[in-house]
file my_file_24.csv (CSV, C-alpha atoms)
chain,number,residue,atom,x,y,z
A,1,GLN,CA,-11.7,-31.3,-9.6
A,2,LYS,CA,-9.9,-27.9,-10.0
A,3,GLU,CA,-7.9,-27.5,-13.2
A,4,VAL,CA,-4.8,-26.5,-11.1
A,5,GLU,CA,-4.2,-27.9,-7.7
A,6,GLN,CA,-1.7,-26.4,-5.3
A,7,ASP,CA,-1.1,-27.1,-1.6
A,8,PRO,CA,-1.8,-23.9,0.3
A,9,GLY,CA,0.6,-24.7,3.0
A,10,PRO,CA,1.6,-22.7,5.0
A,11,LEU,CA,5.2,-23.6,4.6
A,12,SER,CA,7.8,-22.3,7.1
A,13,VAL,CA,11.6,-22.7,6.5
A,14,PRO,CA,14.8,-21.3,8.0
A,15,GLU,CA,16.9,-18.8,6.0
A,16,GLY,CA,19.2,-20.5,3.6
A,17,ALA,CA,16.9,-23.6,3.0
A,18,ILE,CA,16.0,-24.9,-0.4
A,19,VAL,CA,12.2,-24.5,-1.0
A,20,SER,CA,10.2,-26.7,-3.3
A,21,LEU,CA,6.7,-25.5,-4.4
A,22,ASN,CA,4.5,-27.7,-6.5
A,23,CYS,CA,1.3,-27.8,-8.6
A,24,THR,CA,-0.5,-30.3,-10.7
A,25,TYR,CA,-2.9,-29.5,-13.5
A,26,SER,CA,-5.5,-31.6,-15.4
A,27,ASN,CA,-5.7,-30.1,-18.9
A,28,SER,CA,-3.1,-31.6,-21.3
A,29,ALA,CA,-3.6,-28.6,-23.6
A,30,PHE,CA,-2.0,-26.2,-21.2
A,31,GLN,CA,1.4,-25.2,-22.7
A,32,TYR,CA,2.4,-22.0,-20.9
A,33,PHE,CA,3.3,-22.1,-17.2
A,34,MET,CA,4.0,-19.2,-14.9
A,35,TRP,CA,4.8,-18.5,-11.2
A,36,TYR,CA,3.5,-15.4,-9.6
A,37,ARG,CA,4.7,-14.0,-6.2
A,38,GLN,CA,2.3,-12.1,-4.1
A,39,TYR,CA,3.3,-10.0,-1.1
A,40,SER,CA,0.8,-9.2,1.6
A,41,ARG,CA,-1.8,-6.6,0.5
A,42,LYS,CA,-0.3,-6.4,-3.0
A,43,GLY,CA,-1.2,-7.8,-6.4
A,44,PRO,CA,0.6,-10.8,-7.8
A,45,GLU,CA,3.7,-10.2,-9.9
A,46,LEU,CA,5.3,-12.5,-12.5
A,47,LEU,CA,8.3,-14.4,-11.2
A,48,MET,CA,9.0,-17.1,-13.8
A,49,TYR,CA,7.6,-18.1,-17.1
A,50,THR,CA,8.2,-21.4,-19.0
A,51,TYR,CA,6.8,-22.8,-22.2
A,52,SER,CA,6.1,-26.6,-22.5
A,53,SER,CA,8.3,-29.0,-20.6
A,54,GLY,CA,11.8,-28.4,-19.2
A,55,ASN,CA,13.6,-26.2,-16.7
A,56,LYS,CA,14.3,-22.5,-16.5
A,57,GLU,CA,16.6,-20.8,-14.1
A,58,ASP,CA,16.8,-17.2,-13.0
A,59,GLY,CA,19.2,-16.5,-10.2
A,60,ARG,CA,18.1,-18.4,-7.1
A,61,PHE,CA,14.8,-19.5,-8.7
A,62,THR,CA,14.3,-22.6,-11.0
A,63,ALA,CA,11.0,-23.4,-12.6
A,64,GLN,CA,10.4,-27.0,-13.8
A,65,VAL,CA,7.6,-28.4,-15.9
A,66,ASP,CA,6.9,-32.1,-16.5
A,67,LYS,CA,4.1,-32.3,-19.0
A,68,SER,CA,4.0,-36.1,-18.9
A,69,SER,CA,2.9,-36.1,-15.3
A,70,LYS,CA,1.3,-32.6,-15.5
A,71,TYR,CA,3.5,-31.4,-12.7
A,72,ILE,CA,4.9,-27.9,-12.1
A,73,SER,CA,7.6,-27.0,-9.6
A,74,LEU,CA,9.4,-23.9,-8.4
A,75,PHE,CA,12.6,-24.2,-6.5
A,76,ILE,CA,14.1,-21.5,-4.4
A,77,ARG,CA,17.8,-21.9,-3.4
A,78,ASP,CA,19.3,-20.1,-0.4
A,79,SER,CA,15.9,-18.8,0.6
A,80,GLN,CA,15.8,-15.3,2.2
A,81,PRO,CA,13.3,-13.6,4.6
A,82,SER,CA,12.4,-11.4,1.7
A,83,ASP,CA,11.1,-14.5,-0.2
A,84,SER,CA,8.3,-14.7,2.4
A,85,ALA,CA,5.1,-14.3,0.2
A,86,THR,CA,2.4,-16.3,-1.4
A,87,TYR,CA,3.5,-18.2,-4.5
A,88,LEU,CA,0.8,-18.9,-7.2
A,89,CYS,CA,1.3,-21.3,-10.1
A,90,SER,CA,-0.7,-20.5,-13.3
A,91,THR,CA,-1.2,-22.0,-16.7
A,92,THR,CA,-3.0,-21.4,-20.0
A,93,GLY,CA,-3.2,-22.9,-23.5
A,94,GLY,CA,-5.4,-24.6,-26.0
A,95,THR,CA,-9.1,-23.6,-25.8
A,96,SER,CA,-8.3,-21.6,-22.7
A,97,TYR,CA,-6.4,-19.0,-24.8
A,98,GLY,CA,-6.3,-15.8,-23.0
A,99,LYS,CA,-7.3,-17.2,-19.6
A,100,LEU,CA,-4.8,-17.8,-16.9
A,101,THR,CA,-5.9,-20.4,-14.4
A,102,PHE,CA,-4.3,-20.1,-11.0
A,103,GLY,CA,-3.6,-22.5,-8.2
A,104,GLN,CA,-4.7,-21.8,-4.7
A,105,GLY,CA,-1.3,-20.3,-3.8
A,106,THR,CA,1.2,-21.5,-1.2
A,107,ILE,CA,2.0,-19.2,1.7
A,108,LEU,CA,5.8,-19.3,2.4
A,109,THR,CA,7.6,-17.9,5.4
A,110,VAL,CA,11.4,-17.8,5.6
A,111,HIS,CA,12.5,-17.1,9.1
A,112,PRO,CA,16.0,-15.7,10.0
B,1,ASP,CA,4.7,3.9,-15.7
B,2,ALA,CA,2.3,4.0,-12.7
B,3,GLY,CA,1.2,0.5,-13.2
B,4,VAL,CA,-2.4,-0.7,-13.0
B,5,ILE,CA,-4.4,1.6,-10.8
B,6,GLN,CA,-7.4,0.4,-8.8
B,7,SER,CA,-9.8,2.4,-6.7
B,8,PRO,CA,-10.9,2.4,-4.0
B,9,ARG,CA,-8.4,0.3,-2.0
B,10,HIS,CA,-11.0,-0.5,0.6
B,11,GLU,CA,-14.8,-0.6,0.4
B,12,VAL,CA,-17.1,-1.4,3.2
B,13,THR,CA,-20.8,-1.4,2.4
B,14,GLU,CA,-24.0,-2.9,3.6
B,15,MET,CA,-25.9,-5.7,2.0
B,16,GLY,CA,-28.1,-4.6,-0.8
B,17,GLN,CA,-26.0,-1.6,-1.7
B,18,GLU,CA,-24.5,-1.0,-5.1
B,19,VAL,CA,-20.7,-1.2,-5.3
B,20,THR,CA,-18.5,0.1,-8.2
B,21,LEU,CA,-14.9,-0.9,-8.5
B,22,ARG,CA,-12.6,1.0,-10.9
B,23,CYS,CA,-9.5,0.2,-12.9
B,24,LYS,CA,-7.1,2.1,-15.1
B,25,PRO,CA,-4.9,-0.3,-17.0
B,26,ILE,CA,-1.3,0.3,-18.2
B,27,SER,CA,-1.3,2.5,-21.3
B,28,GLY,CA,-0.9,0.5,-24.4
B,29,HIS,CA,-2.1,-2.8,-23.0
B,30,ASP,CA,-4.9,-4.4,-25.0
B,31,TYR,CA,-6.1,-7.0,-22.5
B,32,LEU,CA,-7.8,-6.3,-19.2
B,33,PHE,CA,-8.8,-8.9,-16.6
B,34,TRP,CA,-10.9,-8.8,-13.5
B,35,TYR,CA,-10.1,-11.4,-10.8
B,36,ARG,CA,-11.5,-12.1,-7.4
B,37,GLN,CA,-9.4,-13.6,-4.6
B,38,THR,CA,-10.7,-15.4,-1.5
B,39,MET,CA,-9.0,-17.7,1.0
B,40,MET,CA,-11.4,-20.5,0.1
B,41,ARG,CA,-11.4,-20.2,-3.7
B,42,GLY,CA,-8.1,-18.5,-4.5
B,43,LEU,CA,-7.8,-16.3,-7.5
B,44,GLU,CA,-10.7,-16.6,-9.9
B,45,LEU,CA,-11.1,-15.0,-13.3
B,46,LEU,CA,-14.4,-13.1,-13.6
B,47,ILE,CA,-14.2,-11.5,-17.0
B,48,TYR,CA,-11.7,-10.3,-19.5
B,49,PHE,CA,-11.6,-7.8,-22.3
B,50,ASN,CA,-9.6,-7.4,-25.5
B,51,ASN,CA,-9.5,-4.0,-27.1
B,52,ASN,CA,-12.4,-2.9,-24.9
B,53,VAL,CA,-14.6,-5.8,-26.0
B,54,PRO,CA,-15.7,-8.5,-23.4
B,55,ILE,CA,-14.3,-11.8,-24.6
B,56,ASP,CA,-15.2,-14.2,-21.8
B,57,ASP,CA,-17.5,-13.5,-18.9
B,58,SER,CA,-18.2,-17.1,-17.9
B,59,GLY,CA,-16.6,-16.5,-14.5
B,60,MET,CA,-19.0,-13.8,-13.5
B,61,PRO,CA,-20.9,-15.4,-10.6
B,62,GLU,CA,-24.4,-14.1,-11.4
B,63,ASP,CA,-26.4,-11.3,-12.9
B,64,ARG,CA,-25.7,-9.1,-10.0
B,65,PHE,CA,-22.2,-8.6,-11.4
B,66,SER,CA,-21.5,-6.5,-14.5
B,67,ALA,CA,-18.4,-5.1,-16.1
B,68,LYS,CA,-17.8,-2.4,-18.6
B,69,MET,CA,-14.8,-1.0,-20.5
B,70,PRO,CA,-16.0,2.2,-22.2
B,71,ASN,CA,-12.4,3.0,-23.4
B,72,ALA,CA,-8.9,1.7,-23.4
B,73,SER,CA,-8.0,3.5,-20.2
B,74,PHE,CA,-10.9,2.7,-17.9
B,75,SER,CA,-13.0,-0.3,-16.7
B,76,THR,CA,-15.6,-0.8,-14.0
B,77,LEU,CA,-16.9,-3.8,-12.1
B,78,LYS,CA,-20.3,-3.3,-10.6
B,79,ILE,CA,-22.1,-5.4,-8.0
B,80,GLN,CA,-25.8,-4.6,-7.5
B,81,PRO,CA,-27.2,-5.6,-5.1
B,82,SER,CA,-24.2,-6.6,-3.0
B,83,GLU,CA,-24.2,-9.6,-0.6
B,84,PRO,CA,-21.9,-10.7,2.3
B,85,ARG,CA,-20.6,-13.6,0.1
B,86,ASP,CA,-19.2,-11.0,-2.3
B,87,SER,CA,-16.6,-10.0,0.3
B,88,ALA,CA,-13.2,-10.6,-1.3
B,89,VAL,CA,-10.2,-8.8,-2.8
B,90,TYR,CA,-10.9,-7.8,-6.4
B,91,PHE,CA,-7.9,-7.4,-8.7
B,92,CYS,CA,-7.7,-5.8,-12.1
B,93,ALA,CA,-4.8,-6.8,-14.4
B,94,SER,CA,-3.7,-5.8,-17.9
B,95,SER,CA,-1.4,-7.2,-20.5
B,96,PHE,CA,-0.1,-6.6,-24.0
B,97,GLY,CA,-1.0,-9.8,-25.8
B,98,THR,CA,-1.7,-13.0,-23.7
B,99,TYR,CA,0.2,-16.2,-23.9
B,100,ASN,CA,3.7,-14.9,-23.4
B,101,SER,CA,3.0,-11.6,-21.9
B,102,PRO,CA,2.9,-11.2,-18.1
B,103,LEU,CA,-0.2,-10.0,-16.4
B,104,HIS,CA,0.4,-6.7,-14.5
B,105,PHE,CA,-1.9,-6.6,-11.5
B,106,GLY,CA,-3.1,-3.7,-9.5
B,107,ASN,CA,-3.0,-3.7,-5.7
B,108,GLY,CA,-6.7,-4.7,-5.5
B,109,THR,CA,-9.8,-3.5,-3.9
B,110,ARG,CA,-10.7,-5.1,-0.6
B,111,LEU,CA,-14.5,-5.3,-0.4
B,112,THR,CA,-16.4,-6.0,2.8
B,113,VAL,CA,-20.2,-6.4,2.6
B,114,THR,CA,-21.9,-6.5,6.0
call {"tool": "encode", "arguments": {"input": "my_file_24.csv", "output": "structure tokens"}}
result
Amino acid sequence: QKEVEQDPGPLSVPEGAIVSLNCTYSNSAFQYFMWYRQYSRKGPELLMYTYSSGNKEDGRFTAQVDKSSKYISLFIRDSQPSDSATYLCSTTGGTSYGKLTFGQGTILTVHP
Amino acid sequence: DAGVIQSPRHEVTEMGQEVTLRCKPISGHDYLFWYRQTMMRGLELLIYFNNNVPIDDSGMPEDRFSAKMPNASFSTLKIQPSEPRDSAVYFCASSFGTYNSPLHFGNGTRLTVT
């Protein structure tokens, strides 16, 4: 079993839709959770960062962590064609200090 | 800042040849990471350095892979001999600190071994 599981999709939605991206993880020691966005032929870039459980909002993006169920979510409101990218969840903590473990990545396409 | 710089952007080589990938991290960053990305396995950590010292190389697939960081502004990942299954996009990333510092990725080297 992978430490971080993420449905690779692909996911296709119309412009303006609410997008929900999800990951599960297995290591209860993980405390830091990040979402990276990767455009085609580019390196990933940090989109959202959260510590422990709870929600964090940044503009149209909301990151949610539920440590009791080991579930990580990213919500995108009013999705735009420019949001079309691969979204990677990642986490670290405990004895994995310094090592970010990534999910497979979900390919998202927002069509006009 | 120019960001993390990787070279070459693309590399096509024949099986058995030596391949060297290069990375210049962001100035002042004390951590450097090498990742490999494939459709099947996603983004995998190969090795990371802290202050030029290798900390964890447990992700290096086998002895054919080696990485060095001779100084704070340069790192190499070498594959010798290369095999078709090494074909992937190799990313270098750097950060200042770890837990709450974002990784800054380069744009990767796309390696094709024929």
call {"tool": "residues_around", "arguments": {"input": "my_file_24.csv", "residues": "Arg22 of chain B", "least_positions_apart": "3", "cutoff": "12 Å", "atoms": "all atoms listed in the file", "output": "PyMOL selection string"}}
result
chain B and resi 4-11+19+25+34+67-70+73-79+90-93+106-109
call {"tool": "closest_residue", "arguments": {"input": "my_file_24.csv", "among": "B:Ala72, B:Met39, B:Ala2, B:Met60", "to": "chain A", "atoms": "all atoms listed in the file"}}
result
B:Met39
call {"tool": "interface_residues", "arguments": {"input": "my_file_24.csv", "of": "chain A", "to": "chain B", "cutoff": "7 Å", "atoms": "only C-alpha atoms", "output": "PyMOL selection string"}}
result
chain A and resi 32+41-46+98+102+104
call {"tool": "atom_distance", "arguments": {"input": "my_file_24.csv", "atom1": "atom CA of Thr101 of chain A", "atom2": "atom CA of Thr114 of chain B"}}
result
29.4 Å
call {"tool": "residues_around", "arguments": {"input": "my_file_24.csv", "residues": "segment 70-78 of chain A", "least_positions_apart": "4", "cutoff": "9 Å", "atoms": "all atoms listed in the file", "output": "VMD selection string"}}
result
chain A and resid 15 to 28 33 35 48 59 to 66 83 89
call {"tool": "write_last_selection", "arguments": {"input": "my_file_24.csv", "atoms": "C-alpha atoms", "output": "compact mmCIF listing (two decimals), in the frame of the given file"}}
result
# COMPACT_ATOMS: atom_id res chain seq x y z
CA GLU A 15 16.90 -18.80 6.00
CA GLY A 16 19.20 -20.50 3.60
CA ALA A 17 16.90 -23.60 3.00
CA ILE A 18 16.00 -24.90 -0.40
CA VAL A 19 12.20 -24.50 -1.00
CA SER A 20 10.20 -26.70 -3.30
CA LEU A 21 6.70 -25.50 -4.40
CA ASN A 22 4.50 -27.70 -6.50
CA CYS A 23 1.30 -27.80 -8.60
CA THR A 24 -0.50 -30.30 -10.70
CA TYR A 25 -2.90 -29.50 -13.50
CA SER A 26 -5.50 -31.60 -15.40
CA ASN A 27 -5.70 -30.10 -18.90
CA SER A 28 -3.10 -31.60 -21.30
CA PHE A 33 3.30 -22.10 -17.20
CA TRP A 35 4.80 -18.50 -11.20
CA MET A 48 9.00 -17.10 -13.80
CA GLY A 59 19.20 -16.50 -10.20
CA ARG A 60 18.10 -18.40 -7.10
CA PHE A 61 14.80 -19.50 -8.70
CA THR A 62 14.30 -22.60 -11.00
CA ALA A 63 11.00 -23.40 -12.60
CA GLN A 64 10.40 -27.00 -13.80
CA VAL A 65 7.60 -28.40 -15.90
CA ASP A 66 6.90 -32.10 -16.50
CA ASP A 83 11.10 -14.50 -0.20
CA CYS A 89 1.30 -21.30 -10.10
call {"tool": "residues_around", "arguments": {"input": "my_file_24.csv", "residues": "Met15 of chain B", "least_positions_apart": "4", "cutoff": "10 Å", "atoms": "only C-alpha atoms", "output": "mmCIF file with C-alpha atoms, in the coordinates of the input"}}
result
data_model
loop_
_atom_site.group_PDB
_atom_site.id
_atom_site.type_symbol
_atom_site.label_atom_id
_atom_site.label_comp_id
_atom_site.auth_asym_id
_atom_site.auth_seq_id
_atom_site.Cartn_x
_atom_site.Cartn_y
_atom_site.Cartn_z
ATOM 1 C CA GLN B 80 -25.800 -4.600 -7.500
ATOM 2 C CA PRO B 81 -27.200 -5.600 -5.100
ATOM 3 C CA SER B 82 -24.200 -6.600 -3.000
ATOM 4 C CA GLU B 83 -24.200 -9.600 -0.600
ATOM 5 C CA PRO B 84 -21.900 -10.700 2.300
ATOM 6 C CA ARG B 85 -20.600 -13.600 0.100
ATOM 7 C CA ASP B 86 -19.200 -11.000 -2.300
ATOM 8 C CA THR B 112 -16.400 -6.000 2.800
ATOM 9 C CA VAL B 113 -20.200 -6.400 2.600
ATOM 10 C CA THR B 114 -21.900 -6.500 6.000
#
call {"tool": "atom_distance", "arguments": {"input": "my_file_24.csv", "atom1": "atom CA of Pro112 of chain A", "atom2": "atom CA of Val13 of chain A"}}
result
9.0 Å
call {"tool": "atom_distance", "arguments": {"input": "my_file_24.csv", "atom1": "atom CA of Pro54 of chain B", "atom2": "atom CA of Gly16 of chain B"}}
result
26.1 Å
call {"tool": "residues_near_point", "arguments": {"input": "my_file_24.csv", "point": "(5.3, -14.6, -0.9)", "cutoff": "10 Å", "atoms": "all atoms listed in the file", "output": "PDB file with C-alpha atoms, in the coordinates of the input"}}
result
ATOM      1  CA  TYR A  36       3.500 -15.400  -9.600  1.00  0.00           C
ATOM      2  CA  ARG A  37       4.700 -14.000  -6.200  1.00  0.00           C
ATOM      3  CA  GLN A  38       2.300 -12.100  -4.100  1.00  0.00           C
ATOM      4  CA  TYR A  39       3.300 -10.000  -1.100  1.00  0.00           C
ATOM      5  CA  SER A  40       0.800  -9.200   1.600  1.00  0.00           C
ATOM      6  CA  PRO A  44       0.600 -10.800  -7.800  1.00  0.00           C
ATOM      7  CA  PRO A  81      13.300 -13.600   4.600  1.00  0.00           C
ATOM      8  CA  SER A  82      12.400 -11.400   1.700  1.00  0.00           C
ATOM      9  CA  ASP A  83      11.100 -14.500  -0.200  1.00  0.00           C
ATOM     10  CA  SER A  84       8.300 -14.700   2.400  1.00  0.00           C
ATOM     11  CA  ALA A  85       5.100 -14.300   0.200  1.00  0.00           C
ATOM     12  CA  THR A  86       2.400 -16.300  -1.400  1.00  0.00           C
ATOM     13  CA  TYR A  87       3.500 -18.200  -4.500  1.00  0.00           C
ATOM     14  CA  LEU A  88       0.800 -18.900  -7.200  1.00  0.00           C
ATOM     15  CA  GLY A 105      -1.300 -20.300  -3.800  1.00  0.00           C
ATOM     16  CA  THR A 106       1.200 -21.500  -1.200  1.00  0.00           C
ATOM     17  CA  ILE A 107       2.000 -19.200   1.700  1.00  0.00           C
ATOM     18  CA  LEU A 108       5.800 -19.300   2.400  1.00  0.00           C
ATOM     19  CA  THR A 109       7.600 -17.900   5.400  1.00  0.00           C
ATOM     20  CA  VAL A 110      11.400 -17.800   5.600  1.00  0.00           C
TER      21      VAL A 110
END
call {"tool": "closest_residue", "arguments": {"input": "my_file_24.csv", "among": "A:Ala29, A:Leu100, A:Pro8, A:Ser90", "to": "Leu47 of chain A", "atoms": "all atoms listed in the file"}}
result
A:Ser90
